[in-house]
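Just work-v7.txt here, compact mmCIF, N, CA and C atoms:
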# COMPACT_ATOMS: atom_id res chain seq x y z
N MET A 2 7.68 -59.99 -13.59
CA MET A 2 6.77 -59.16 -14.32
C MET A 2 5.97 -58.25 -13.38
N ALA A 3 5.66 -58.72 -12.20
CA ALA A 3 4.91 -57.92 -11.24
C ALA A 3 5.73 -56.70 -10.83
N ASN A 4 7.03 -56.83 -10.76
CA ASN A 4 7.89 -55.73 -10.41
C ASN A 4 7.84 -54.62 -11.45
N ALA A 5 7.80 -54.96 -12.70
CA ALA A 5 7.72 -53.97 -13.78
C ALA A 5 6.40 -53.21 -13.72
N LEU A 6 5.32 -53.90 -13.40
CA LEU A 6 4.02 -53.24 -13.31
C LEU A 6 3.97 -52.23 -12.16
N THR A 7 4.59 -52.53 -11.06
CA THR A 7 4.61 -51.57 -9.95
C THR A 7 5.42 -50.34 -10.32
N ASN A 8 6.50 -50.52 -11.10
CA ASN A 8 7.28 -49.36 -11.54
C ASN A 8 6.46 -48.47 -12.46
N ILE A 9 5.65 -49.07 -13.34
CA ILE A 9 4.82 -48.28 -14.25
C ILE A 9 3.77 -47.51 -13.47
N THR A 10 3.13 -48.13 -12.52
CA THR A 10 2.14 -47.40 -11.72
C THR A 10 2.80 -46.32 -10.89
N ASN A 11 3.98 -46.56 -10.38
CA ASN A 11 4.71 -45.52 -9.65
C ASN A 11 5.09 -44.37 -10.57
N LEU A 12 5.41 -44.66 -11.83
CA LEU A 12 5.76 -43.63 -12.80
C LEU A 12 4.56 -42.74 -13.07
N LYS A 13 3.38 -43.33 -13.17
CA LYS A 13 2.17 -42.53 -13.39
C LYS A 13 1.93 -41.60 -12.21
N ASN A 14 2.12 -42.09 -10.99
CA ASN A 14 1.95 -41.25 -9.81
C ASN A 14 2.97 -40.12 -9.80
N TRP A 15 4.20 -40.39 -10.24
CA TRP A 15 5.25 -39.38 -10.28
C TRP A 15 4.87 -38.27 -11.26
N LYS A 16 4.34 -38.63 -12.43
CA LYS A 16 3.95 -37.63 -13.41
C LYS A 16 2.81 -36.77 -12.90
N SER A 17 1.85 -37.37 -12.23
CA SER A 17 0.73 -36.58 -11.72
C SER A 17 1.19 -35.64 -10.61
N ARG A 18 2.21 -36.02 -9.86
CA ARG A 18 2.74 -35.14 -8.81
C ARG A 18 3.45 -33.94 -9.41
N ARG A 19 4.06 -34.11 -10.59
CA ARG A 19 4.79 -33.00 -11.21
C ARG A 19 3.82 -31.91 -11.68
N ASN A 20 2.61 -32.26 -12.01
CA ASN A 20 1.62 -31.27 -12.45
C ASN A 20 0.95 -30.57 -11.28
N ALA A 21 1.11 -31.07 -10.10
CA ALA A 21 0.52 -30.44 -8.91
C ALA A 21 1.23 -29.12 -8.65
N PRO A 22 0.52 -28.12 -8.12
CA PRO A 22 1.16 -26.84 -7.84
C PRO A 22 2.27 -27.00 -6.80
N TYR A 23 3.28 -26.16 -6.92
CA TYR A 23 4.43 -26.20 -6.03
C TYR A 23 3.98 -25.87 -4.62
N GLN A 24 4.37 -26.68 -3.68
CA GLN A 24 4.01 -26.46 -2.29
C GLN A 24 5.26 -26.04 -1.53
N GLY A 25 5.17 -24.92 -0.88
CA GLY A 25 6.26 -24.43 -0.05
C GLY A 25 5.66 -23.64 1.09
N VAL A 26 6.50 -22.97 1.82
CA VAL A 26 6.05 -22.15 2.94
C VAL A 26 5.79 -20.73 2.41
N VAL A 27 4.58 -20.25 2.60
CA VAL A 27 4.23 -18.91 2.13
C VAL A 27 4.81 -17.89 3.10
N LYS A 28 5.75 -17.08 2.61
CA LYS A 28 6.33 -16.04 3.46
C LYS A 28 5.52 -14.75 3.38
N ARG A 29 5.01 -14.45 2.20
CA ARG A 29 4.14 -13.29 2.02
C ARG A 29 3.04 -13.70 1.05
N ASP A 30 1.78 -13.57 1.49
CA ASP A 30 0.65 -14.01 0.68
C ASP A 30 0.43 -13.04 -0.48
N TRP A 31 -0.56 -13.32 -1.32
CA TRP A 31 -0.81 -12.53 -2.51
C TRP A 31 -1.04 -11.06 -2.17
N VAL A 32 -0.26 -10.19 -2.82
CA VAL A 32 -0.32 -8.75 -2.62
C VAL A 32 -0.42 -8.10 -4.00
N PRO A 33 -1.37 -7.17 -4.21
CA PRO A 33 -1.44 -6.51 -5.51
C PRO A 33 -0.20 -5.66 -5.75
N THR A 34 0.30 -5.69 -6.99
CA THR A 34 1.48 -4.90 -7.33
C THR A 34 1.11 -3.50 -7.77
N GLY A 35 -0.15 -3.27 -8.11
CA GLY A 35 -0.59 -1.97 -8.60
C GLY A 35 -0.69 -1.94 -10.12
N ARG A 36 -0.21 -2.96 -10.78
CA ARG A 36 -0.29 -3.02 -12.24
C ARG A 36 -1.64 -3.60 -12.64
N MET A 37 -2.24 -2.99 -13.65
CA MET A 37 -3.53 -3.46 -14.16
C MET A 37 -3.45 -3.50 -15.67
N ASP A 38 -4.28 -4.35 -16.26
CA ASP A 38 -4.29 -4.51 -17.70
C ASP A 38 -5.68 -4.94 -18.14
N PHE A 39 -5.93 -4.86 -19.44
CA PHE A 39 -7.18 -5.33 -20.00
C PHE A 39 -6.92 -6.58 -20.81
N ALA A 40 -7.89 -7.45 -20.85
CA ALA A 40 -7.82 -8.65 -21.69
C ALA A 40 -9.14 -8.78 -22.43
N THR A 41 -9.07 -9.35 -23.61
CA THR A 41 -10.26 -9.61 -24.41
C THR A 41 -10.00 -10.81 -25.29
N SER A 42 -11.04 -11.40 -25.79
CA SER A 42 -10.86 -12.51 -26.71
C SER A 42 -10.71 -11.95 -28.12
N LEU A 43 -9.72 -12.43 -28.84
CA LEU A 43 -9.50 -11.98 -30.20
C LEU A 43 -10.17 -12.96 -31.14
N ASN A 44 -11.20 -12.51 -31.80
CA ASN A 44 -11.94 -13.37 -32.72
C ASN A 44 -11.58 -13.04 -34.16
N GLY A 45 -10.35 -12.72 -34.42
CA GLY A 45 -9.93 -12.39 -35.77
C GLY A 45 -10.32 -10.97 -36.17
N ASN A 46 -10.85 -10.20 -35.25
CA ASN A 46 -11.27 -8.84 -35.56
C ASN A 46 -10.18 -7.88 -35.09
N ASP A 47 -9.45 -7.29 -36.04
CA ASP A 47 -8.36 -6.38 -35.70
C ASP A 47 -8.78 -4.93 -35.71
N ASN A 48 -10.06 -4.67 -35.92
CA ASN A 48 -10.54 -3.29 -35.98
C ASN A 48 -10.61 -2.72 -34.56
N PRO A 49 -9.78 -1.72 -34.24
CA PRO A 49 -9.79 -1.17 -32.87
C PRO A 49 -11.04 -0.34 -32.57
N ASP A 50 -11.79 0.05 -33.60
CA ASP A 50 -13.00 0.85 -33.38
C ASP A 50 -14.23 -0.01 -33.17
N GLN A 51 -14.10 -1.31 -33.32
CA GLN A 51 -15.22 -2.23 -33.14
C GLN A 51 -15.46 -2.47 -31.65
N PRO A 52 -16.69 -2.30 -31.15
CA PRO A 52 -16.95 -2.57 -29.72
C PRO A 52 -16.65 -4.02 -29.36
N SER A 53 -16.16 -4.20 -28.16
CA SER A 53 -15.80 -5.53 -27.69
C SER A 53 -15.95 -5.57 -26.18
N GLU A 54 -15.90 -6.78 -25.63
CA GLU A 54 -15.95 -6.94 -24.17
C GLU A 54 -14.53 -7.05 -23.65
N PHE A 55 -14.26 -6.33 -22.57
CA PHE A 55 -12.94 -6.34 -21.97
C PHE A 55 -13.03 -6.83 -20.54
N ARG A 56 -11.93 -7.33 -20.05
CA ARG A 56 -11.84 -7.80 -18.67
C ARG A 56 -10.66 -7.09 -18.02
N LEU A 57 -10.91 -6.46 -16.90
CA LEU A 57 -9.85 -5.77 -16.17
C LEU A 57 -9.10 -6.79 -15.32
N LEU A 58 -7.79 -6.84 -15.49
CA LEU A 58 -6.94 -7.79 -14.76
C LEU A 58 -6.03 -7.05 -13.80
N VAL A 59 -5.75 -7.68 -12.66
CA VAL A 59 -4.88 -7.12 -11.63
C VAL A 59 -3.72 -8.08 -11.41
N GLU A 60 -2.51 -7.53 -11.34
CA GLU A 60 -1.34 -8.37 -11.09
C GLU A 60 -1.11 -8.49 -9.59
N GLU A 61 -0.81 -9.69 -9.15
CA GLU A 61 -0.48 -9.95 -7.74
C GLU A 61 0.80 -10.76 -7.67
N ARG A 62 1.45 -10.66 -6.52
CA ARG A 62 2.66 -11.47 -6.31
C ARG A 62 2.66 -12.01 -4.90
N ARG A 63 3.40 -13.10 -4.72
CA ARG A 63 3.60 -13.65 -3.38
C ARG A 63 4.99 -14.28 -3.35
N ILE A 64 5.50 -14.45 -2.13
CA ILE A 64 6.83 -15.03 -1.94
C ILE A 64 6.67 -16.35 -1.22
N ILE A 65 7.27 -17.38 -1.80
CA ILE A 65 7.23 -18.74 -1.24
C ILE A 65 8.66 -19.16 -0.93
N GLU A 66 8.85 -19.78 0.22
CA GLU A 66 10.17 -20.31 0.57
C GLU A 66 10.18 -21.80 0.26
N SER A 67 11.16 -22.21 -0.54
CA SER A 67 11.25 -23.62 -0.93
C SER A 67 11.82 -24.45 0.21
N ILE A 68 11.86 -25.76 -0.01
CA ILE A 68 12.40 -26.68 1.00
C ILE A 68 13.87 -26.37 1.26
N ALA A 69 14.58 -25.94 0.20
CA ALA A 69 16.01 -25.63 0.34
C ALA A 69 16.25 -24.27 0.97
N GLY A 70 15.19 -23.49 1.18
CA GLY A 70 15.35 -22.19 1.82
C GLY A 70 15.42 -21.04 0.83
N ASN A 71 15.25 -21.32 -0.47
CA ASN A 71 15.26 -20.25 -1.48
C ASN A 71 13.90 -19.56 -1.52
N GLU A 72 13.93 -18.26 -1.76
CA GLU A 72 12.68 -17.52 -1.89
C GLU A 72 12.30 -17.47 -3.37
N ASN A 73 11.09 -17.88 -3.67
CA ASN A 73 10.58 -17.87 -5.03
C ASN A 73 9.46 -16.85 -5.12
N LEU A 74 9.54 -16.01 -6.16
CA LEU A 74 8.51 -15.00 -6.41
C LEU A 74 7.51 -15.56 -7.41
N GLU A 75 6.24 -15.61 -7.03
CA GLU A 75 5.19 -16.06 -7.93
C GLU A 75 4.34 -14.86 -8.32
N ILE A 76 4.01 -14.77 -9.60
CA ILE A 76 3.21 -13.67 -10.12
C ILE A 76 1.99 -14.27 -10.81
N GLN A 77 0.84 -13.66 -10.57
CA GLN A 77 -0.39 -14.11 -11.23
C GLN A 77 -1.23 -12.91 -11.61
N TRP A 78 -2.04 -13.08 -12.64
CA TRP A 78 -3.02 -12.08 -13.04
C TRP A 78 -4.40 -12.65 -12.71
N ARG A 79 -5.23 -11.83 -12.08
CA ARG A 79 -6.58 -12.26 -11.72
C ARG A 79 -7.56 -11.18 -12.16
N ALA A 80 -8.82 -11.56 -12.22
CA ALA A 80 -9.87 -10.60 -12.56
C ALA A 80 -10.01 -9.58 -11.44
N ALA A 81 -10.24 -8.33 -11.82
CA ALA A 81 -10.36 -7.26 -10.84
C ALA A 81 -11.69 -7.33 -10.11
N THR A 82 -11.71 -6.83 -8.90
CA THR A 82 -12.95 -6.74 -8.13
C THR A 82 -13.69 -5.47 -8.54
N LEU A 83 -14.94 -5.36 -8.13
CA LEU A 83 -15.72 -4.17 -8.44
C LEU A 83 -15.09 -2.93 -7.83
N ARG A 84 -14.57 -3.03 -6.64
CA ARG A 84 -13.92 -1.90 -5.98
C ARG A 84 -12.70 -1.42 -6.79
N GLU A 85 -11.91 -2.37 -7.29
CA GLU A 85 -10.73 -2.00 -8.09
C GLU A 85 -11.14 -1.37 -9.42
N ALA A 86 -12.19 -1.89 -10.03
CA ALA A 86 -12.66 -1.33 -11.30
C ALA A 86 -13.19 0.09 -11.09
N LYS A 87 -13.90 0.31 -9.99
CA LYS A 87 -14.39 1.67 -9.69
C LYS A 87 -13.23 2.64 -9.46
N ALA A 88 -12.17 2.16 -8.81
CA ALA A 88 -11.00 3.02 -8.58
C ALA A 88 -10.35 3.42 -9.89
N VAL A 89 -10.28 2.49 -10.85
CA VAL A 89 -9.70 2.80 -12.16
C VAL A 89 -10.54 3.84 -12.88
N VAL A 90 -11.86 3.66 -12.88
CA VAL A 90 -12.74 4.60 -13.57
C VAL A 90 -12.69 5.97 -12.90
N THR A 91 -12.65 6.00 -11.58
CA THR A 91 -12.58 7.28 -10.86
C THR A 91 -11.29 8.02 -11.20
N GLN A 92 -10.18 7.32 -11.20
CA GLN A 92 -8.90 7.95 -11.55
C GLN A 92 -8.90 8.45 -12.99
N TYR A 93 -9.49 7.69 -13.89
CA TYR A 93 -9.56 8.09 -15.29
C TYR A 93 -10.40 9.36 -15.45
N HIS A 94 -11.55 9.43 -14.77
CA HIS A 94 -12.39 10.62 -14.85
C HIS A 94 -11.68 11.82 -14.23
N GLN A 95 -10.97 11.62 -13.14
CA GLN A 95 -10.21 12.70 -12.52
C GLN A 95 -9.14 13.22 -13.48
N TYR A 96 -8.46 12.33 -14.16
CA TYR A 96 -7.44 12.71 -15.15
C TYR A 96 -8.06 13.54 -16.28
N LEU A 97 -9.22 13.11 -16.75
CA LEU A 97 -9.89 13.84 -17.83
C LEU A 97 -10.29 15.25 -17.37
N LYS A 98 -10.80 15.37 -16.16
CA LYS A 98 -11.20 16.68 -15.64
C LYS A 98 -10.00 17.60 -15.45
N GLU A 99 -8.92 17.07 -14.87
CA GLU A 99 -7.74 17.89 -14.59
C GLU A 99 -7.08 18.39 -15.87
N ASN A 100 -7.16 17.63 -16.95
CA ASN A 100 -6.53 18.00 -18.21
C ASN A 100 -7.52 18.58 -19.21
N SER A 101 -8.70 18.93 -18.76
CA SER A 101 -9.74 19.53 -19.60
C SER A 101 -10.01 18.71 -20.85
N LEU A 102 -10.04 17.42 -20.70
CA LEU A 102 -10.29 16.53 -21.84
C LEU A 102 -11.74 16.10 -21.93
N ILE A 103 -12.53 16.46 -20.91
CA ILE A 103 -13.95 16.10 -20.91
C ILE A 103 -14.74 17.38 -20.68
N LYS A 104 -15.83 17.49 -21.41
CA LYS A 104 -16.69 18.65 -21.26
C LYS A 104 -18.05 18.16 -20.80
N SER A 105 -18.60 18.85 -19.83
CA SER A 105 -19.92 18.45 -19.34
C SER A 105 -20.98 19.18 -20.14
N MET A 106 -22.12 18.55 -20.25
CA MET A 106 -23.24 19.16 -20.94
C MET A 106 -23.86 20.19 -20.01
N PHE A 107 -24.01 21.41 -20.50
CA PHE A 107 -24.61 22.47 -19.69
C PHE A 107 -25.94 22.83 -20.33
N GLU A 108 -27.01 22.53 -19.66
CA GLU A 108 -28.33 22.85 -20.16
C GLU A 108 -29.01 23.75 -19.13
N PRO A 109 -29.04 25.05 -19.39
CA PRO A 109 -29.61 25.97 -18.40
C PRO A 109 -31.11 25.76 -18.20
N ASP A 110 -31.80 25.12 -19.16
CA ASP A 110 -33.23 24.92 -19.00
C ASP A 110 -33.58 23.95 -17.88
N ILE A 111 -32.70 23.00 -17.59
CA ILE A 111 -33.02 22.01 -16.57
C ILE A 111 -32.53 22.41 -15.19
N LEU A 112 -31.72 23.44 -15.12
CA LEU A 112 -31.20 23.88 -13.83
C LEU A 112 -32.19 24.85 -13.19
N PRO A 113 -32.28 24.88 -11.87
CA PRO A 113 -33.15 25.87 -11.22
C PRO A 113 -32.57 27.27 -11.43
N PRO A 114 -33.42 28.29 -11.44
CA PRO A 114 -32.90 29.65 -11.65
C PRO A 114 -31.96 30.06 -10.52
N ALA A 115 -31.04 30.93 -10.86
CA ALA A 115 -30.09 31.43 -9.87
C ALA A 115 -30.83 32.23 -8.81
N GLU A 116 -30.20 32.49 -7.70
CA GLU A 116 -30.83 33.18 -6.56
C GLU A 116 -31.31 34.57 -6.97
N SER A 117 -30.51 35.30 -7.75
CA SER A 117 -30.92 36.65 -8.17
C SER A 117 -32.15 36.59 -9.05
N LYS A 118 -32.24 35.57 -9.92
CA LYS A 118 -33.41 35.44 -10.79
C LYS A 118 -34.64 35.06 -9.97
N ARG A 119 -34.45 34.23 -8.93
CA ARG A 119 -35.57 33.84 -8.09
C ARG A 119 -36.14 35.05 -7.36
N LYS A 120 -35.27 35.92 -6.88
CA LYS A 120 -35.73 37.13 -6.20
C LYS A 120 -36.47 38.03 -7.17
N LYS A 121 -35.94 38.14 -8.40
CA LYS A 121 -36.57 38.97 -9.40
C LYS A 121 -37.93 38.40 -9.78
N LEU A 122 -38.03 37.06 -9.92
CA LEU A 122 -39.32 36.45 -10.22
C LEU A 122 -40.31 36.69 -9.09
N GLY A 123 -39.86 36.68 -7.87
CA GLY A 123 -40.73 36.94 -6.72
C GLY A 123 -41.25 38.36 -6.74
N GLN A 124 -40.42 39.33 -7.16
CA GLN A 124 -40.85 40.72 -7.25
C GLN A 124 -41.84 40.89 -8.38
N ASP A 125 -41.63 40.18 -9.51
CA ASP A 125 -42.54 40.27 -10.64
C ASP A 125 -43.93 39.77 -10.26
N GLU A 126 -44.01 38.70 -9.50
CA GLU A 126 -45.30 38.17 -9.07
C GLU A 126 -45.98 39.12 -8.09
N ALA A 127 -45.19 39.82 -7.31
CA ALA A 127 -45.78 40.79 -6.37
C ALA A 127 -46.36 41.98 -7.14
N ASP A 128 -45.74 42.36 -8.26
CA ASP A 128 -46.22 43.48 -9.06
C ASP A 128 -47.44 43.11 -9.91
N ARG A 129 -47.66 41.82 -10.14
CA ARG A 129 -48.76 41.35 -10.98
C ARG A 129 -50.09 41.57 -10.25
N PRO A 130 -51.16 41.91 -11.00
CA PRO A 130 -52.47 42.06 -10.34
C PRO A 130 -52.94 40.74 -9.77
N ARG A 131 -53.68 40.81 -8.69
CA ARG A 131 -54.13 39.60 -8.01
C ARG A 131 -55.12 38.85 -8.88
N GLY A 132 -55.06 37.52 -8.75
CA GLY A 132 -55.98 36.67 -9.49
C GLY A 132 -55.48 36.30 -10.87
N GLU A 133 -54.43 36.95 -11.37
CA GLU A 133 -53.90 36.64 -12.70
C GLU A 133 -53.01 35.40 -12.61
N ASN A 134 -53.20 34.45 -13.51
CA ASN A 134 -52.42 33.21 -13.58
C ASN A 134 -52.52 32.39 -12.30
N LYS A 135 -53.65 32.47 -11.63
CA LYS A 135 -53.85 31.66 -10.44
C LYS A 135 -55.09 30.83 -10.62
N LEU A 136 -55.15 29.72 -9.94
CA LEU A 136 -56.33 28.87 -9.98
C LEU A 136 -57.46 29.56 -9.22
N PRO A 137 -58.71 29.33 -9.66
CA PRO A 137 -59.82 29.96 -8.92
C PRO A 137 -59.93 29.38 -7.50
N ASN A 138 -60.38 30.22 -6.61
CA ASN A 138 -60.55 29.83 -5.23
C ASN A 138 -61.82 28.99 -5.13
N ARG A 139 -61.69 27.76 -4.77
CA ARG A 139 -62.82 26.82 -4.75
C ARG A 139 -63.81 27.17 -3.63
N SER A 140 -63.31 27.72 -2.55
CA SER A 140 -64.23 28.01 -1.44
C SER A 140 -65.17 29.14 -1.80
N ALA A 141 -64.75 30.08 -2.66
CA ALA A 141 -65.62 31.20 -3.04
C ALA A 141 -66.68 30.75 -4.05
N THR A 142 -66.39 29.76 -4.88
CA THR A 142 -67.34 29.34 -5.90
C THR A 142 -68.20 28.18 -5.45
N ALA A 143 -67.93 27.62 -4.30
CA ALA A 143 -68.70 26.46 -3.83
C ALA A 143 -70.11 26.91 -3.44
N PRO A 144 -71.12 26.16 -3.86
CA PRO A 144 -72.50 26.55 -3.47
C PRO A 144 -72.72 26.36 -1.96
N THR A 145 -73.49 27.24 -1.41
CA THR A 145 -73.80 27.15 0.02
C THR A 145 -75.23 26.66 0.17
N GLU A 146 -75.51 25.88 1.14
CA GLU A 146 -76.86 25.36 1.38
C GLU A 146 -77.46 25.94 2.61

Please lay out the structure from this file as structure tokens.
Amino acid sequence: MANALTNITNLKNWKSRRNAPYQGVVKRDWVPTGRMDFATSLNGNDNPDQPSEFRLLVEERRIIESIAGNENLEIQWRAATLREAKAVVTQYHQYLKENSLIKSMFEPDILPPAESKRKKLGQDEADRPRGENKLPNRSATAPTE
């Protein structure tokens, strides 16, 4: 009976080993493939116009050599880094600009006047009589003792 119990405990150890990640010799470590995707949780909402949270995913691959000498390709998706997310947004904005798909807001009131207008404004102030639209000179109005 003791022999049967050791076989059962060995069987449990064998099953736990099968769930362990495959161990081999890494020939090439994780390298991004350049493919990216978005993921989100689907809560039964199929409306594409409804705001939702998305996660940017990056595909990576690595090559592992097995004990028999075979090369195995492993692929995984991981969350993108901030640098990768910024690169995606930058490329998207560049695409929109190149294809005239985005228009910038132009508000001339908030921009400084052009150089020609500045020169013209300077000439207008020179033509204006002195003392007009200026603060009073405090030294002239100060009482003397």

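The smallest atom-to-atom distance between Thr34 in chain A and any of A:Glu99, A:Glu61, A:Glu85, A:Glu72, using only N, CA and C atoms, is found for A:Glu61.
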
Would you mind listing what lies within 8 Å of Asp30 in chain A as a PyMOL selection string, with all atoms listed in the file counted and same-chain residues fewer than 4 positions away left out?
-> chain A and resi 61-65

Straight-line distance linking atom C of Pro49 in chain A with atom C of Pro33 in chain A, stated in Å to one decimal | 29.4 Å

Shell around Val59 in chain A at 10 Å using only C-alpha atoms, local window under 3 positions removed, as a PDB file with N, CA and C atoms, in the frame of the given file:
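Saved to out31.pdb:
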ATOM      1  N   PRO A  33      -1.370  -7.170  -4.210  1.00  0.00           N
ATOM      2  CA  PRO A  33      -1.440  -6.510  -5.510  1.00  0.00           C
ATOM      3  C   PRO A  33      -0.200  -5.660  -5.750  1.00  0.00           C
ATOM      4  N   THR A  34       0.300  -5.690  -6.990  1.00  0.00           N
ATOM      5  CA  THR A  34       1.480  -4.900  -7.330  1.00  0.00           C
ATOM      6  C   THR A  34       1.110  -3.500  -7.770  1.00  0.00           C
ATOM      7  N   GLY A  35      -0.150  -3.270  -8.110  1.00  0.00           N
ATOM      8  CA  GLY A  35      -0.590  -1.970  -8.600  1.00  0.00           C
ATOM      9  C   GLY A  35      -0.690  -1.940 -10.120  1.00  0.00           C
ATOM     10  N   ARG A  36      -0.210  -2.960 -10.780  1.00  0.00           N
ATOM     11  CA  ARG A  36      -0.290  -3.020 -12.240  1.00  0.00           C
ATOM     12  C   ARG A  36      -1.640  -3.600 -12.640  1.00  0.00           C
ATOM     13  N   MET A  37      -2.240  -2.990 -13.650  1.00  0.00           N
ATOM     14  CA  MET A  37      -3.530  -3.460 -14.160  1.00  0.00           C
ATOM     15  C   MET A  37      -3.450  -3.500 -15.670  1.00  0.00           C
ATOM     16  N   ASP A  38      -4.280  -4.350 -16.260  1.00  0.00           N
ATOM     17  CA  ASP A  38      -4.290  -4.510 -17.700  1.00  0.00           C
ATOM     18  C   ASP A  38      -5.680  -4.940 -18.140  1.00  0.00           C
ATOM     19  N   PHE A  39      -5.930  -4.860 -19.440  1.00  0.00           N
ATOM     20  CA  PHE A  39      -7.180  -5.330 -20.000  1.00  0.00           C
ATOM     21  C   PHE A  39      -6.920  -6.580 -20.810  1.00  0.00           C
ATOM     22  N   ARG A  56     -11.930  -7.330 -20.050  1.00  0.00           N
ATOM     23  CA  ARG A  56     -11.840  -7.800 -18.670  1.00  0.00           C
ATOM     24  C   ARG A  56     -10.660  -7.090 -18.020  1.00  0.00           C
ATOM     25  N   GLN A  77       0.840 -13.660 -10.570  1.00  0.00           N
ATOM     26  CA  GLN A  77      -0.390 -14.110 -11.230  1.00  0.00           C
ATOM     27  C   GLN A  77      -1.230 -12.910 -11.610  1.00  0.00           C
ATOM     28  N   TRP A  78      -2.040 -13.080 -12.640  1.00  0.00           N
ATOM     29  CA  TRP A  78      -3.020 -12.080 -13.040  1.00  0.00           C
ATOM     30  C   TRP A  78      -4.400 -12.650 -12.710  1.00  0.00           C
ATOM     31  N   ARG A  79      -5.230 -11.830 -12.080  1.00  0.00           N
ATOM     32  CA  ARG A  79      -6.580 -12.260 -11.720  1.00  0.00           C
ATOM     33  C   ARG A  79      -7.560 -11.180 -12.160  1.00  0.00           C
ATOM     34  N   ALA A  80      -8.820 -11.560 -12.220  1.00  0.00           N
ATOM     35  CA  ALA A  80      -9.870 -10.600 -12.560  1.00  0.00           C
ATOM     36  C   ALA A  80     -10.010  -9.580 -11.440  1.00  0.00           C
ATOM     37  N   ALA A  81     -10.240  -8.330 -11.820  1.00  0.00           N
ATOM     38  CA  ALA A  81     -10.360  -7.260 -10.840  1.00  0.00           C
ATOM     39  C   ALA A  81     -11.690  -7.330 -10.110  1.00  0.00           C
ATOM     40  N   THR A  82     -11.710  -6.830  -8.900  1.00  0.00           N
ATOM     41  CA  THR A  82     -12.950  -6.740  -8.130  1.00  0.00           C
ATOM     42  C   THR A  82     -13.690  -5.470  -8.540  1.00  0.00           C
ATOM     43  N   GLU A  85     -11.910  -2.370  -7.290  1.00  0.00           N
ATOM     44  CA  GLU A  85     -10.730  -2.000  -8.090  1.00  0.00           C
ATOM     45  C   GLU A  85     -11.140  -1.370  -9.420  1.00  0.00           C
ATOM     46  N   ALA A  86     -12.190  -1.890 -10.030  1.00  0.00           N
ATOM     47  CA  ALA A  86     -12.660  -1.330 -11.300  1.00  0.00           C
ATOM     48  C   ALA A  86     -13.190   0.090 -11.090  1.00  0.00           C
TER      49      ALA A  86
END

Two-atom distance - CA of Gly70 in chain A, CA of Val27 in chain A (Å) =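 We find that CA of Gly70 in chain A and CA of Val27 in chain A lie 11.6 Å from each other.
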